[in-house]
>>> print(open('my_file.txt').read())   # compact mmCIF, C-alpha atoms
# COMPACT_ATOMS: atom_id res chain seq x y z
CA MET W 1 -22.36 46.09 -6.97
CA HIS W 2 -19.93 43.22 -6.41
CA ALA W 3 -19.11 42.51 -10.05
CA ASN W 4 -15.40 43.29 -9.48
CA ARG W 5 -15.21 41.45 -6.16
CA LEU W 6 -12.78 38.55 -6.36
CA VAL W 7 -14.22 35.06 -5.99
CA ALA W 8 -11.21 32.76 -5.51
CA GLY W 9 -9.03 35.20 -7.44
CA VAL W 10 -11.40 35.76 -10.38
CA PRO W 11 -13.83 38.73 -10.49
CA ALA W 12 -17.40 37.63 -9.72
CA ALA W 13 -18.71 38.96 -13.05
CA VAL W 14 -16.09 37.00 -14.99
CA ARG W 15 -16.64 33.79 -13.05
CA ALA W 16 -20.44 34.04 -13.47
CA ALA W 17 -20.13 34.76 -17.21
CA LEU W 18 -17.76 31.81 -17.59
CA ALA W 19 -20.18 29.51 -15.76
CA LEU W 20 -22.98 30.58 -18.10
CA CYS W 21 -20.90 30.08 -21.22
CA GLN W 22 -19.98 26.57 -20.04
CA SER W 23 -23.62 25.62 -19.45
CA GLU W 24 -25.62 23.82 -22.14
CA GLU W 25 -28.22 26.60 -22.38
CA PHE W 26 -25.70 29.33 -23.16
CA ALA W 27 -22.82 27.41 -24.73
CA SER W 28 -23.52 28.87 -28.15
CA SER W 29 -23.75 32.48 -26.97
CA ASP W 30 -21.07 34.81 -28.34
CA ALA W 31 -22.31 37.95 -26.59
CA MET W 32 -23.30 38.80 -23.03
CA ILE W 33 -24.47 41.85 -21.10
CA VAL W 34 -23.16 42.16 -17.55
CA ALA W 35 -25.59 44.61 -15.98
CA VAL W 36 -25.34 45.93 -12.43
CA PRO W 37 -27.96 48.18 -10.79
CA GLY W 38 -26.51 51.68 -10.86
CA GLY W 39 -23.98 50.66 -13.50
CA TRP W 40 -20.37 49.59 -13.00
CA GLU W 41 -16.93 49.86 -14.53
CA ALA W 42 -14.77 46.79 -14.90
CA THR W 43 -11.38 47.05 -13.23
CA PRO W 44 -8.26 46.42 -15.33
CA TRP W 45 -7.99 42.99 -13.68
CA ALA W 46 -11.60 42.15 -14.57
CA ARG W 47 -11.02 43.21 -18.18
CA SER W 48 -7.89 41.09 -18.44
CA GLU W 49 -9.70 38.08 -16.95
CA PHE W 50 -12.58 38.49 -19.41
CA ALA W 51 -10.00 38.46 -22.20
CA ARG W 52 -8.18 35.41 -20.80
CA LEU W 53 -11.15 33.21 -19.93
CA LEU W 54 -13.74 34.40 -22.45
CA PRO W 55 -11.72 35.52 -25.48
CA ASP W 56 -14.49 34.68 -27.97
CA VAL W 57 -17.39 36.26 -26.09
CA ARG W 58 -18.34 39.90 -26.56
CA ILE W 59 -19.00 41.48 -23.18
CA ALA W 60 -21.16 44.58 -22.76
CA ILE W 61 -21.46 46.45 -19.46
CA GLY W 62 -24.64 48.21 -18.43
CA ASP W 63 -27.33 49.11 -15.90
CA PRO W 64 -30.67 47.23 -15.86
CA TYR W 65 -32.41 50.45 -14.73
CA GLN W 66 -31.39 52.12 -17.98
CA GLY W 67 -33.33 49.72 -20.21
CA ILE W 68 -30.33 48.03 -21.77
CA LEU W 69 -31.71 44.50 -21.26
CA PRO W 70 -33.13 42.95 -24.45
CA GLU W 71 -36.82 42.07 -24.37
CA ASP W 72 -36.46 38.49 -25.55
CA SER W 73 -33.35 37.35 -23.64
CA PRO W 74 -33.35 35.66 -20.22
CA VAL W 75 -31.72 37.44 -17.30
CA LEU W 76 -29.79 35.56 -14.64
CA ASP W 77 -28.79 36.65 -11.16
CA ALA W 78 -25.00 36.22 -11.07
CA ILE W 79 -24.79 35.33 -7.37
CA SER W 80 -27.37 32.59 -7.83
CA VAL W 81 -25.38 31.29 -10.81
CA LEU W 82 -22.22 31.10 -8.70
CA SER W 83 -24.15 29.42 -5.89
CA GLY W 84 -25.22 26.66 -8.27
CA VAL W 85 -28.96 27.41 -8.27
CA PRO W 86 -29.42 30.03 -11.05
CA VAL W 87 -32.42 32.33 -10.88
CA ILE W 88 -33.66 32.88 -14.44
CA LEU W 89 -35.87 35.88 -15.17
CA THR W 90 -37.68 35.82 -18.50
CA ASN W 91 -39.41 39.19 -18.73
CA ARG W 92 -38.99 42.82 -17.69
CA GLU W 93 -41.63 42.63 -14.96
CA ALA W 94 -39.72 39.80 -13.31
CA VAL W 95 -36.48 41.74 -13.63
CA GLN W 96 -38.01 44.83 -12.01
CA GLN W 97 -39.39 42.73 -9.15
CA TRP W 98 -36.04 41.00 -8.72
CA LEU W 99 -34.25 44.35 -8.58
CA GLY W 100 -36.57 45.46 -5.82
CA GLU W 101 -35.99 42.29 -3.81
CA GLN W 102 -32.19 42.28 -3.86
CA GLU W 103 -30.60 41.01 -0.68
CA HIS W 104 -28.75 43.25 1.71
CA GLU W 105 -25.13 43.85 0.74
CA SER W 106 -23.78 41.82 3.67
CA ALA W 107 -25.82 38.78 2.59
CA GLN W 108 -24.45 39.03 -0.95
CA ILE W 109 -20.89 39.28 0.34
CA ALA W 110 -21.46 36.25 2.56
CA LYS W 111 -22.69 34.23 -0.43
CA LEU W 112 -19.71 35.22 -2.56
CA SER W 113 -17.33 34.36 0.29
CA ALA W 114 -18.97 30.94 0.64
CA VAL W 115 -18.59 30.32 -3.10
CA SER W 116 -14.93 31.35 -2.92
CA SER W 117 -14.27 29.02 0.01
CA GLY W 118 -15.95 26.15 -1.82
CA ILE W 119 -13.81 26.67 -4.92
CA VAL W 120 -10.57 26.66 -2.90
CA LYS W 121 -11.71 23.65 -0.88
CA ALA W 122 -12.22 21.70 -4.11
CA THR W 123 -8.60 22.26 -5.18
CA GLY W 124 -7.22 19.29 -3.25
CA LYS W 125 -5.80 16.29 -5.12
CA PRO W 126 -6.86 12.63 -4.82
CA SER W 127 -3.17 11.76 -4.35
CA ASP W 128 -2.90 13.83 -1.15
CA GLY W 129 -1.35 11.82 1.66
CA LEU W 130 -2.53 11.58 5.26
CA VAL W 131 -0.38 14.48 6.49
CA SER W 132 -1.40 16.62 3.54
CA ARG W 133 -5.13 16.01 4.04
CA THR W 134 -5.17 16.51 7.80
CA LEU W 135 -2.49 19.17 8.35
CA ASN W 136 -1.02 20.72 5.21
CA ARG W 137 -4.16 21.34 3.15
CA PRO W 138 -6.11 23.22 5.84
CA ILE W 139 -3.14 25.57 6.29
CA SER W 140 -2.32 25.95 2.58
CA ARG W 141 -5.98 26.62 1.76
CA ALA W 142 -6.09 29.34 4.39
CA ILE W 143 -3.01 30.93 2.79
CA SER W 144 -4.56 30.56 -0.66
CA GLN W 145 -7.77 32.22 0.52
CA VAL W 146 -5.80 35.25 1.68
CA LEU W 147 -3.64 35.50 -1.44
CA LEU W 148 -6.63 35.11 -3.76
CA LYS W 149 -8.10 38.32 -2.37
CA PHE W 150 -5.41 40.29 -4.21
CA PRO W 151 -5.97 41.12 -7.90
CA GLY W 152 -3.22 39.77 -10.11
CA ILE W 153 -2.20 36.88 -7.86
CA THR W 154 -0.97 33.89 -9.89
CA PRO W 155 0.62 30.51 -9.07
CA ILE W 156 4.10 31.90 -9.74
CA HIS W 157 3.75 34.18 -6.72
CA ALA W 158 3.04 31.16 -4.49
CA THR W 159 6.00 29.28 -5.98
CA GLY W 160 8.12 32.34 -5.16
CA LEU W 161 6.82 32.24 -1.57
CA ALA W 162 7.84 28.58 -1.27
CA ALA W 163 11.29 29.42 -2.68
CA PHE W 164 11.66 32.31 -0.22
CA THR W 165 10.80 29.94 2.64
CA ALA W 166 13.48 27.56 1.36
CA ILE W 167 16.01 30.41 1.36
CA LEU W 168 15.15 31.21 5.00
CA MET W 169 15.60 27.50 5.76
CA ALA W 170 19.05 27.53 4.18
CA VAL W 171 20.09 30.66 6.12
CA CYS W 172 19.00 29.06 9.41
CA LEU W 173 20.90 25.85 8.69
CA LEU W 174 24.04 27.68 7.61
CA PHE W 175 24.27 30.29 10.34
CA GLY W 176 21.96 29.23 13.16
CA GLY W 177 23.88 26.46 14.88
CA ALA W 178 21.81 24.04 16.97
CA ASN W 179 18.77 26.32 17.09
CA GLY W 180 19.14 26.95 13.38
CA LEU W 181 18.96 23.20 12.77
CA ILE W 182 15.55 23.07 14.46
CA ALA W 183 14.35 26.24 12.74
CA GLY W 184 15.56 24.92 9.39
CA ALA W 185 13.68 21.65 9.85
CA LEU W 186 10.49 23.51 10.74
CA LEU W 187 10.92 25.78 7.71
CA PHE W 188 11.46 22.68 5.56
CA HIS W 189 8.04 21.47 6.63
CA ALA W 190 6.62 24.97 6.13
CA ALA W 191 7.94 24.93 2.56
CA SER W 192 6.13 21.62 2.06
CA VAL W 193 2.89 23.22 3.27
CA ILE W 194 3.32 26.30 1.08
CA ASP W 195 4.15 24.03 -1.85
CA GLY W 196 0.43 23.22 -2.04
CA VAL W 197 -0.55 26.87 -2.47
CA ASP W 198 0.61 27.33 -6.07
CA GLY W 199 -1.39 24.30 -7.21
CA GLU W 200 -4.47 25.49 -5.33
CA ILE W 201 -4.24 28.94 -6.90
CA ALA W 202 -3.64 27.43 -10.33
CA ARG W 203 -6.72 25.19 -10.10
CA ALA W 204 -8.92 27.87 -8.52
CA THR W 205 -8.06 30.48 -11.16
CA MET W 206 -7.78 28.03 -14.08
CA ARG W 207 -4.10 28.80 -14.63
CA SER W 208 -2.59 25.30 -14.54
CA SER W 209 0.28 24.92 -17.00
CA GLU W 210 3.07 22.49 -17.84
CA PHE W 211 5.66 25.20 -17.19
CA GLY W 212 4.23 25.90 -13.74
CA ALA W 213 4.26 22.20 -12.86
CA LYS W 214 7.91 21.86 -13.95
CA LEU W 215 8.93 24.97 -12.02
CA ASP W 216 7.19 23.64 -8.93
CA THR W 217 8.96 20.27 -9.27
CA ILE W 218 12.37 21.92 -9.70
CA THR W 219 11.77 24.13 -6.65
CA ASP W 220 10.76 21.10 -4.58
CA GLY W 221 13.83 19.13 -5.65
CA ILE W 222 16.25 21.96 -4.86
CA THR W 223 14.58 22.52 -1.48
CA ASN W 224 14.86 18.82 -0.58
CA LEU W 225 18.52 18.58 -1.54
CA ALA W 226 19.36 21.88 0.16
CA PHE W 227 17.78 20.75 3.42
CA LEU W 228 19.55 17.39 3.53
CA SER W 229 22.96 18.73 2.54
CA LEU W 230 22.88 21.85 4.73
CA ALA W 231 21.45 19.96 7.72
CA SER W 232 24.34 17.50 7.44
CA LEU W 233 26.80 20.41 7.19
CA ASN W 234 25.18 22.07 10.23
CA LEU W 235 25.62 18.89 12.27
CA TYR W 236 29.24 18.55 11.13
CA TRP W 237 29.98 22.10 12.29
CA GLN W 238 28.41 21.23 15.64
CA GLY W 239 30.83 18.30 15.99
CA GLN W 240 28.22 15.62 15.28
CA VAL W 241 30.39 13.93 12.69
CA GLN W 242 28.58 10.60 12.71
CA ALA W 243 25.19 12.20 12.05
CA ALA W 244 26.70 14.29 9.26
CA THR W 245 28.26 11.17 7.76
CA TYR W 246 24.87 9.43 7.65
CA GLY W 247 23.47 12.41 5.78
CA ALA W 248 26.40 12.57 3.35
CA ILE W 249 26.19 8.87 2.54
CA GLY W 250 22.43 9.12 2.06
CA LEU W 251 22.90 12.05 -0.33
CA ALA W 252 25.57 10.16 -2.28
CA LEU W 253 23.29 7.14 -2.67
CA LEU W 254 20.46 9.44 -3.71
CA ALA W 255 22.68 11.08 -6.33
CA ILE W 256 23.62 7.68 -7.78
CA GLY W 257 19.99 6.63 -8.05
CA LEU W 258 18.87 9.91 -9.62
CA THR W 259 21.76 9.75 -12.09
CA ALA W 260 20.75 6.23 -13.13
CA LEU W 261 17.12 7.29 -13.55
CA GLY W 262 18.16 10.37 -15.51
CA LEU W 263 20.37 8.39 -17.87
CA ARG W 264 17.56 5.91 -18.51
CA SER W 265 15.19 8.77 -19.25
CA ILE W 266 17.67 10.28 -21.74
CA SER W 267 18.23 6.94 -23.46
CA MET W 268 14.49 6.44 -23.92
CA GLY W 269 13.92 9.90 -25.37
CA GLY W 270 10.78 11.90 -24.70
CA PRO W 271 10.29 14.19 -21.68
CA PHE W 272 13.04 14.12 -19.08
CA THR W 273 11.81 12.48 -15.86
CA PHE W 274 12.95 10.55 -12.79
CA ASP W 275 9.70 8.56 -12.57
CA ALA W 276 10.78 5.21 -14.03
CA VAL W 277 10.40 3.38 -10.69
CA LYS W 278 7.19 5.21 -9.80
CA ASN W 279 5.66 4.41 -13.18
CA ASN W 280 6.69 0.77 -12.88
CA PHE W 281 4.96 0.43 -9.52
CA ASN W 282 1.90 2.33 -10.72
CA ALA W 283 1.56 -0.21 -13.52
CA ARG W 284 1.49 -3.00 -10.91
CA PRO W 285 -0.34 -1.53 -7.90
CA SER W 286 -0.50 -3.41 -4.61
CA LYS W 287 -1.05 -2.64 -0.95
CA ILE W 288 2.71 -2.67 -0.37
CA THR W 289 3.53 -0.26 -3.18
CA ASN W 290 0.63 2.00 -2.19
CA ALA W 291 1.91 2.09 1.39
CA LEU W 292 5.46 2.85 0.24
CA ALA W 293 4.19 5.66 -1.97
CA ALA W 294 2.24 7.10 0.95
CA ILE W 295 5.13 7.15 3.45
CA THR W 296 7.64 8.50 0.93
CA SER W 297 5.50 11.42 -0.23
CA ARG W 298 6.91 14.86 0.52
CA ASP W 299 4.20 15.86 3.00
CA VAL W 300 5.03 12.82 5.17
CA TYR W 301 8.83 12.94 5.19
CA ALA W 302 8.95 16.74 5.63
CA ALA W 303 6.74 16.44 8.71
CA ILE W 304 8.83 13.56 10.08
CA PHE W 305 12.09 15.48 9.62
CA ALA W 306 10.58 18.53 11.33
CA VAL W 307 9.34 16.55 14.36
CA THR W 308 12.45 14.39 14.83
CA PHE W 309 14.89 17.27 14.42
CA ALA W 310 12.89 19.45 16.82
CA LEU W 311 12.94 16.64 19.41
CA GLY W 312 16.70 16.17 19.10
CA PHE W 313 16.72 12.95 17.07
CA ALA W 314 18.52 14.31 14.00
CA GLU W 315 21.20 11.62 14.06
CA TRP W 316 18.64 8.80 14.23
CA MET W 317 16.59 10.39 11.46
CA LEU W 318 19.58 10.69 9.16
CA LEU W 319 20.52 7.08 9.90
CA ILE W 320 17.00 6.04 8.85
CA PHE W 321 17.31 8.30 5.82
CA MET W 322 20.58 6.63 4.79
CA GLY W 323 19.10 3.16 5.16
CA SER W 324 15.91 4.09 3.32
CA VAL W 325 17.83 5.60 0.42
CA GLY W 326 19.98 2.48 0.26
CA ILE W 327 16.86 0.32 -0.10
CA TRP W 328 15.47 2.77 -2.65
CA LEU W 329 18.70 2.62 -4.67
CA MET W 330 18.60 -1.19 -4.79
CA THR W 331 14.98 -0.97 -5.93
CA VAL W 332 15.92 1.52 -8.63
CA LEU W 333 18.69 -0.71 -9.98
CA ILE W 334 16.47 -3.80 -9.94
CA VAL W 335 13.63 -2.01 -11.76
CA LEU W 336 16.02 -0.53 -14.34
CA MET W 337 17.53 -3.96 -15.03
CA GLU W 338 14.09 -5.57 -15.30
CA THR W 339 12.73 -2.92 -17.63
CA ARG W 340 15.88 -3.05 -19.74
CA ALA W 341 15.51 -6.83 -20.07
CA ARG W 342 11.87 -6.44 -21.12
CA ARG W 343 12.83 -3.81 -23.70
CA SER W 344 15.55 -6.10 -25.11
>>> encode(input="my_file.txt", output="C-alpha cells")
Amino acid sequence: MHANRLVAGVPAAVRAALALCQSEEFASSDAMIVAVPGGWEATPWARSEFARLLPDVRIAIGDPYQGILPEDSPVLDAISVLSGVPVILTNREAVQQWLGEQEHESAQIAKLSAVSSGIVKATGKPSDGLVSRTLNRPISRAISQVLLKFPGITPIHATGLAAFTAILMAVCLLFGGANGLIAGALLFHAASVIDGVDGEIARATMRSSEFGAKLDTITDGITNLAFLSLASLNLYWQGQVQAATYGAIGLALLAIGLTALGLRSISMGGPFTFDAVKNNFNARPSKITNALAAITSRDVYAAIFAVTFALGFAEWMLLIFMGSVGIWLMTVLIVLMETRARRS
C-alpha cells in the first residue's frame, strides 16, 4: 500500500529492496518480487530509482493474493526490513497469516516516518562544529525532511536554495541601508544553515558526487566573498568609512592569501585546492589547531557575523575580521615557505 511512499526521498519499495540486496543473505540475488496486497503500480520516480540504485536486479511487481509468490523463496515484510528487524516468512501459510495481521495504515505510516527521520538524522558529519550541531543541523534537517517528501528532489535543488538565499542577502546589502545590513547578515547565517541541506539530501538519497561537492564549495565561497564585500560597501554608503575600510583591507589580505595558495596548488599539479594550510595542520594535529579549525568553520563565523551585525557591532566585527585575516595570511606564508623548503 505504501510501496511508493517516500522514505527520506527514496520510495519505500526501492529502499527495502536495496537493503535486502546489500544484506549477506540476499547479496547474490539478481531478481526480486515486490508484492503488495491488492497489487500496485510503481510511479515513474520509483521506476527511475529502481534503475539508479538496483540496475542489475530484475524487479517484478505483483500481489501476494494472486499466488505470484514462489513456493520455495522467503518472503520479507518491507516495513520490518526498513525498521531493522526483518520479519522473514518461509511458507505460504505464514504469508497468509501475516497478510491477515497487517497493522492499521496509520501505524505503518508512523513506522515509515520514523525510519525516514532516522535516515536524515544520521546524515550529520563528524566534523560538524558546535554551532552546526546545536543550531544549524536541527534546522537544516527539518528543511531536508520537508524537501525529501517531494519526488525528484536532489541535492542540486538544495544548492539552488542556498544560492537563492545568497542572492536575497546581496539585494538586502545593496539596497536596504542600515536595516538591509542586519537583514543581509541574518540571511548570510541562513545560507550557512541551508548549506547543510544539500549534503543531507545527498547522503540520505545516496547521491553524493564530486561535482556536487565542488559546486557546493564554489557556492559557499562566492556567498562568503559577496557578504564581506557588499557589507563593507553598505557601511561605506552609510558613511561608516572606517568600518568599510576594515572590511576592504581584510578582503585584500584574504585575496593575497588565496592567490598564494592557488599558485602553490597549480605548481604542485593535481586537483586545484586552497587547502595547503589545512592539510598541513591536519598532518600535525594539536589542541590549538583543533580549536582554530573549530572557530574558523563557516557555521561559527556566519553565526558570529549575524549576531554582531544585528546588535550594531559591525565595525568591531570587521576590525576583528581584518586582524584575523592578517594572522591567517602570515600563517599561510609561513606554511608555504616551510613546505617549499621541505620539498626542496
>>> closest_residue(input="my_file.txt", among="W:Ala248, W:Ile143, W:Ala310, W:Val115", to="Asn179 of chain W", atoms="all atoms listed in the file")
W:Ala310
>>> atom_distance(input="my_file.txt", atom1="atom CA of Trp328 of chain W", atom2="atom CA of Ala185 of chain W")
22.7 Å
>>> atom_distance(input="my_file.txt", atom1="atom CA of Gly199 of chain W", atom2="atom CA of Leu225 of chain W")
21.5 Å
>>> residues_near_point(input="my_file.txt", point="(-0.9, 25.5, -12.9)", cutoff="12 Å", atoms="all atoms listed in the file", output="VMD selection string")
chain W and resid 123 154 to 159 196 to 217
>>> atom_distance(input="my_file.txt", atom1="atom CA of Phe175 of chain W", atom2="atom CA of Leu233 of chain W")
10.7 Å
>>> residues_around(input="my_file.txt", residues="Leu168 of chain W", least_positions_apart="2", cutoff="12 Å", atoms="all atoms listed in the file", output="mmCIF file with C-alpha atoms, in the frame of the given file")
data_model
loop_
_atom_site.group_PDB
_atom_site.id
_atom_site.type_symbol
_atom_site.label_atom_id
_atom_site.label_comp_id
_atom_site.auth_asym_id
_atom_site.auth_seq_id
_atom_site.Cartn_x
_atom_site.Cartn_y
_atom_site.Cartn_z
ATOM 1 C CA LEU W 161 6.820 32.240 -1.570
ATOM 2 C CA ALA W 162 7.840 28.580 -1.270
ATOM 3 C CA ALA W 163 11.290 29.420 -2.680
ATOM 4 C CA PHE W 164 11.660 32.310 -0.220
ATOM 5 C CA THR W 165 10.800 29.940 2.640
ATOM 6 C CA ALA W 166 13.480 27.560 1.360
ATOM 7 C CA ALA W 170 19.050 27.530 4.180
ATOM 8 C CA VAL W 171 20.090 30.660 6.120
ATOM 9 C CA CYS W 172 19.000 29.060 9.410
ATOM 10 C CA LEU W 173 20.900 25.850 8.690
ATOM 11 C CA LEU W 174 24.040 27.680 7.610
ATOM 12 C CA PHE W 175 24.270 30.290 10.340
ATOM 13 C CA GLY W 176 21.960 29.230 13.160
ATOM 14 C CA GLY W 180 19.140 26.950 13.380
ATOM 15 C CA LEU W 181 18.960 23.200 12.770
ATOM 16 C CA ALA W 183 14.350 26.240 12.740
ATOM 17 C CA GLY W 184 15.560 24.920 9.390
ATOM 18 C CA ALA W 185 13.680 21.650 9.850
ATOM 19 C CA LEU W 186 10.490 23.510 10.740
ATOM 20 C CA LEU W 187 10.920 25.780 7.710
ATOM 21 C CA PHE W 188 11.460 22.680 5.560
ATOM 22 C CA ALA W 190 6.620 24.970 6.130
ATOM 23 C CA ALA W 191 7.940 24.930 2.560
ATOM 24 C CA THR W 223 14.580 22.520 -1.480
ATOM 25 C CA ALA W 226 19.360 21.880 0.160
ATOM 26 C CA PHE W 227 17.780 20.750 3.420
#
>>> closest_residue(input="my_file.txt", among="W:Asp128, W:Asp220, W:Asp299, W:Glu315", to="Ser232 of chain W", atoms="all atoms listed in the file")
W:Glu315
>>> closest_residue(input="my_file.txt", among="W:Val193, W:Leu318, W:Met169, W:Leu333", to="Ile222 of chain W", atoms="all atoms listed in the file")
W:Met169
>>> axis_aligned_box(input="my_file.txt", around="segment 37-47 of chain W", padding_each_side="6 Å", output="lines of an AutoDock Vina configuration file")
center_x = -18.0
center_y = 46.9
center_z = -14.5
size_x = 32.0
size_y = 21.5
size_z = 19.4
>>> residues_around(input="my_file.txt", residues="Ala17 of chain W", least_positions_apart="2", cutoff="10 Å", atoms="all atoms listed in the file", output="NGL selection string")
:W and (12-15 or 19-22 or 26 or 32-34 or 50 or 53-54 or 57 or 59 or 78 or 81-82)
>>> residues_around(input="my_file.txt", residues="Val7 of chain W", least_positions_apart="2", cutoff="8 Å", atoms="all atoms listed in the file", output="JSON list (two decimals) with C-alpha atoms, in the coordinates of the input")
[["chain", "number", "residue", "atom", "x", "y", "z"],
["W", 5, "ARG", "CA", -15.21, 41.45, -6.16],
["W", 9, "GLY", "CA", -9.03, 35.20, -7.44],
["W", 10, "VAL", "CA", -11.40, 35.76, -10.38],
["W", 11, "PRO", "CA", -13.83, 38.73, -10.49],
["W", 12, "ALA", "CA", -17.40, 37.63, -9.72],
["W", 15, "ARG", "CA", -16.64, 33.79, -13.05],
["W", 112, "LEU", "CA", -19.71, 35.22, -2.56],
["W", 113, "SER", "CA", -17.33, 34.36, 0.29],
["W", 115, "VAL", "CA", -18.59, 30.32, -3.10],
["W", 116, "SER", "CA", -14.93, 31.35, -2.92],
["W", 148, "LEU", "CA", -6.63, 35.11, -3.76],
["W", 149, "LYS", "CA", -8.10, 38.32, -2.37]]
>>> residues_around(input="my_file.txt", residues="Ala252 of chain W", least_positions_apart="6", cutoff="12 Å", atoms="all atoms listed in the file", output="PyMOL selection string")
chain W and resi 225+228-229+245-246+258-259+321-322+325-326+329
